[in-house]
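Heads up: the structure comes next, in structure tokens.
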Amino acid sequence: MRRPVSVAPPKGKLGILMPGMGAVGTTFMAGVELVRRGQSVPVGSLTQLGTIRLGKRTEARTPKIKDFVPLAKLDDLVFGGWDVFKDDAYQAASNAGVLDAKDLGKVQKFLKTIKPMKAAFDQHYVKNLSGPNVKKGKNKFDLAEQLREDIRNFKKKNKCDRLVMVWCASTETFLKPQDVHKDLKSFEKGMRSNDPSIAPSMLYAYAAISEGVPFANGAPNLTVDIPALEDYAKTKGVPIGGKDFKTGQTLMKTILAPGFKARMLGMNGWFSTNILGNRDGEVLDDPGSFKTKEESKLGALEYILQPKLYPDLYGTIHHKVRINYYPPRGDNKEGWDNIDIFGWLGYPMQIKVDFLCRDSILAAPIVLDLALFFDLAKRAGMHGIQEWLSFYFKSPMCAKELYPEHDLFIQSMKLKNTLRWMMGEDLITHLGAEYYD
Ligand SMILES: NC(=O)c1ccc[n+]([C@@H]2O[C@H](COP(=O)([O-])OP(=O)(O)OC[C@H]3O[C@@H](n4cnc5c(N)ncnc54)[C@H](O)[C@@H]3O)[C@@H](O)[C@H]2O)c1
């Protein structure tokens, strides 16, 4: 056994702050409360249901992850957030229409107590959205200062020992990294001069880091994926990560594509289309926000299949992603995939996947796991990008000199090995030669 990393115990309350109390945020909060009351099971949550094998297969040591690493307990979680609408979490959850009235009724009183703080918002970055619950400020720096104050007040009022922030707000318009993002000095100057390349999500991330609060980005926005905030997070000892919760279609892609590649099956094309009718779908109906999402969704295949290494198999893939806003479907998205693969001697085959999924049902346990693991990372003294949590993201952030790892199975191994490393257990290589000596 190696020496474990020193991890501070999770004493006291952990506050989970969410910019964006929409479909995902409210489904997450309602679900945690139902689980705490013993009325539901946290399906989809690795931190709550997952196990981890330790040592050799013959040792039969497979504890639950939550018994192996010191995670915050569900009973110690408190929730808060910001939104451009004034609706409390119960009203917002009812509007989102993810959970049925029977489930929401059980937690109505609890959800009604969670009211959004005023948002730092600018419609320029989310064209198809406007609401009344918005901060006013001299400039972007002033708005960030107001967010910092919100964070401090929340912590005090709720007697929290620690906080984490998970971005559950809308997808912003597509932004490319600019000079203003290159270091903290330029970034702070840019906030004061209202530089258009600084989006509201960046103000939340800046405020979180300034207050020593880990920040996870559930949307594909650039947000914390800029050198200024990466360096700032390292200096302040704060874990950060993103981008974009890996749910429906991309989850399927990163499950299936590694399998085709492992068997050296070729691919000519992958056409993905989606219909969805929730507010997220409405926001993505704007070409600027769609572009941000499209970039995030397109990356996975290229990195998994490595066409440069396998030109005969993946050299000419046509990868297309379409998202169509179709109100009758609400949150129950339908994602179709047509996959054109080929086998021995180039003979073509087709695979069709029709995933009738529930977006926020898939996203809610990810919010929970990210909040608990980011808090763990902070207590373990890990800061900057948490690449070991790529498992949860469509478009994982990683060090400049690396390419992101998208393969769900490699991501899962990396996550579990990081936990073993943290606790001083041997890493699992799957070599297993010793069983046959
Ligand atoms: N549902 C999924 O499976 C899934 C998967 C991956 C990523 N995401 C992303 O997660 C985010 C949330 O998804 P959702 O389905 O809950 O959307 P939603 O539209 O129901 O909720 C987003 C909320 O954020 C609020 N908002 C927007 N800008 C804000 C700001 N600057 N400050 C505070 N609040 C703000 C909106 O008013 C809205 O209530 C989206 O960016 C979405 O793309 C969702």
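Identifiers in the structure tokens: chain A, B, ... in order shown; residue index from 1 per chain; ligand index from 1 in order shown.
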Could you pull out the strand (DSSP E or B) residues of region 251-301 of chain A from DSSP and send them as a PyMOL selection string? chain A and resi 266-276
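Counting only C-alpha atoms, the residue from A:Asn133, A:Thr254, A:Ser360, A:Asn417 that sits nearest to Gly25 (chain A) is A:Ser360.
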Excluding same-chain residues fewer than 4 positions from Leu284 (chain A), what lies within 9 Å of it counting only C-alpha atoms, as an mmCIF file with C-alpha atoms, in the first residue's frame?
```cif
data_model
loop_
_atom_site.group_PDB
_atom_site.id
_atom_site.type_symbol
_atom_site.label_atom_id
_atom_site.label_comp_id
_atom_site.auth_asym_id
_atom_site.auth_seq_id
_atom_site.Cartn_x
_atom_site.Cartn_y
_atom_site.Cartn_z
ATOM 1 C CA VAL A 126 -28.807 33.726 -24.541
ATOM 2 C CA ASN A 128 -34.178 33.139 -26.587
ATOM 3 C CA SER A 170 -28.617 27.868 -20.145
ATOM 4 C CA THR A 171 -26.137 27.374 -22.953
ATOM 5 C CA GLU A 172 -24.635 30.700 -23.945
ATOM 6 C CA ARG A 279 -36.531 25.396 -22.364
ATOM 7 C CA ASP A 280 -33.052 24.073 -23.085
ATOM 8 C CA GLY A 288 -25.367 31.035 -31.432
ATOM 9 C CA SER A 289 -26.271 28.716 -28.551
ATOM 10 C CA PHE A 290 -26.623 25.757 -30.956
ATOM 11 C CA LYS A 291 -23.090 26.342 -32.256
ATOM 12 C CA THR A 292 -21.753 26.079 -28.684
ATOM 13 C CA LYS A 293 -23.617 22.771 -28.197
ATOM 14 C CA ILE A 323 -31.007 19.479 -32.610
ATOM 15 C CA ASN A 324 -34.575 20.486 -33.335
ATOM 16 C CA TYR A 325 -36.833 22.325 -30.930
#
```
Neighbours of region 67-80 of chain A within 6 Å (only C-alpha atoms; same-chain residues fewer than 6 positions away dropped), as a PyMOL selection string? chain A and resi 10+13-17
Just the selected residues (C-alpha atoms), exported as an mmCIF file, in the first residue's frame, please.
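This went into selection.cif:
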```cif
data_model
loop_
_atom_site.group_PDB
_atom_site.id
_atom_site.type_symbol
_atom_site.label_atom_id
_atom_site.label_comp_id
_atom_site.auth_asym_id
_atom_site.auth_seq_id
_atom_site.Cartn_x
_atom_site.Cartn_y
_atom_site.Cartn_z
ATOM 1 C CA PRO A 10 -16.357 16.306 5.380
ATOM 2 C CA LYS A 13 -22.826 21.207 5.808
ATOM 3 C CA LEU A 14 -21.985 21.371 2.118
ATOM 4 C CA GLY A 15 -23.860 24.057 0.152
ATOM 5 C CA ILE A 16 -24.487 23.307 -3.516
ATOM 6 C CA LEU A 17 -24.950 26.527 -5.470
#
```
Report as CSV: every residue of region 183-240 of chain A with an atom at most 8 Å from region 393-399 of chain A, its closest pair of atoms, and their distance in Å to one decimal, counting only C-alpha atoms, with rows sorted by chain and ascending residue number.
```
residue,atom,partner,partner_atom,distance
A:Gly218,CA,A:Phe393,CA,7.6
A:Pro220,CA,A:Ser395,CA,7.3
A:Asp225,CA,A:Met397,CA,6.9
```
Could you save those same residues with C-alpha atoms as a tab-separated table (two decimals), in the first residue's frame?
```tsv
chain	number	residue	atom	x	y	z
A	218	GLY	CA	-22.59	21.59	-16.87
A	220	PRO	CA	-20.81	23.68	-23.18
A	225	ASP	CA	-12.05	26.86	-19.88
```
Point-to-point distance from atom 5 (C, counted along the ligand's line) of ligand 1 to CA of Phe28 (chain A), Å rounded to tenths: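 So the two atoms, atom 5 (C, counted along the ligand's line) of ligand 1 and CA of Phe28 (chain A), lie 12.5 Å apart.
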Smallest atom-to-atom distance to ligand 1: which of A:Ile65, A:Ala262, A:Ala364, A:Met252, using only C-alpha atoms and all ligand atoms?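 Nearest to ligand 1: A:Ala364.
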Please identify all polymer residues within 12 Å of Gln306 (chain A), counting only C-alpha atoms, omitting same-chain residues fewer than 2 positions from it, and present them as a PyMOL selection string. chain A and resi 257-258+261-262+264+266-267+299-304+308-317+403-407
Asp195 (chain A): which residues within 12 Å, counting only C-alpha atoms, same-chain residues fewer than 3 positions away excluded, as a ChimeraX atom specification? /A:139-141,178-181,186-192,198-200,202-203
Please compute the atom 20 (O, counted along the ligand's line) of ligand 1-CA of Leu251 (chain A) distance, one decimal, in Å. 19.7 Å
What lies within 9 Å of Met29 (chain A) using only C-alpha atoms, ignoring chain neighbours under 2 positions off, as an MDAnalysis selection string? chainID A and resid 24:27 31:34 79 89 111 364 368
Residues of region 198-351 of chain A classed as alpha helix (DSSP H) by DSSP on the backbone are to be reported as a ChimeraX atom specification. /A:200-210,227-236,248-262,279-284,287-305,311-314
May I ask which of the residues A:Asp331, A:Asp100, A:Glu401, A:Glu230 is the closest one to Pro214 (chain A), counting only C-alpha atoms?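 Smallest distance to Pro214 (chain A) is found for A:Glu230.
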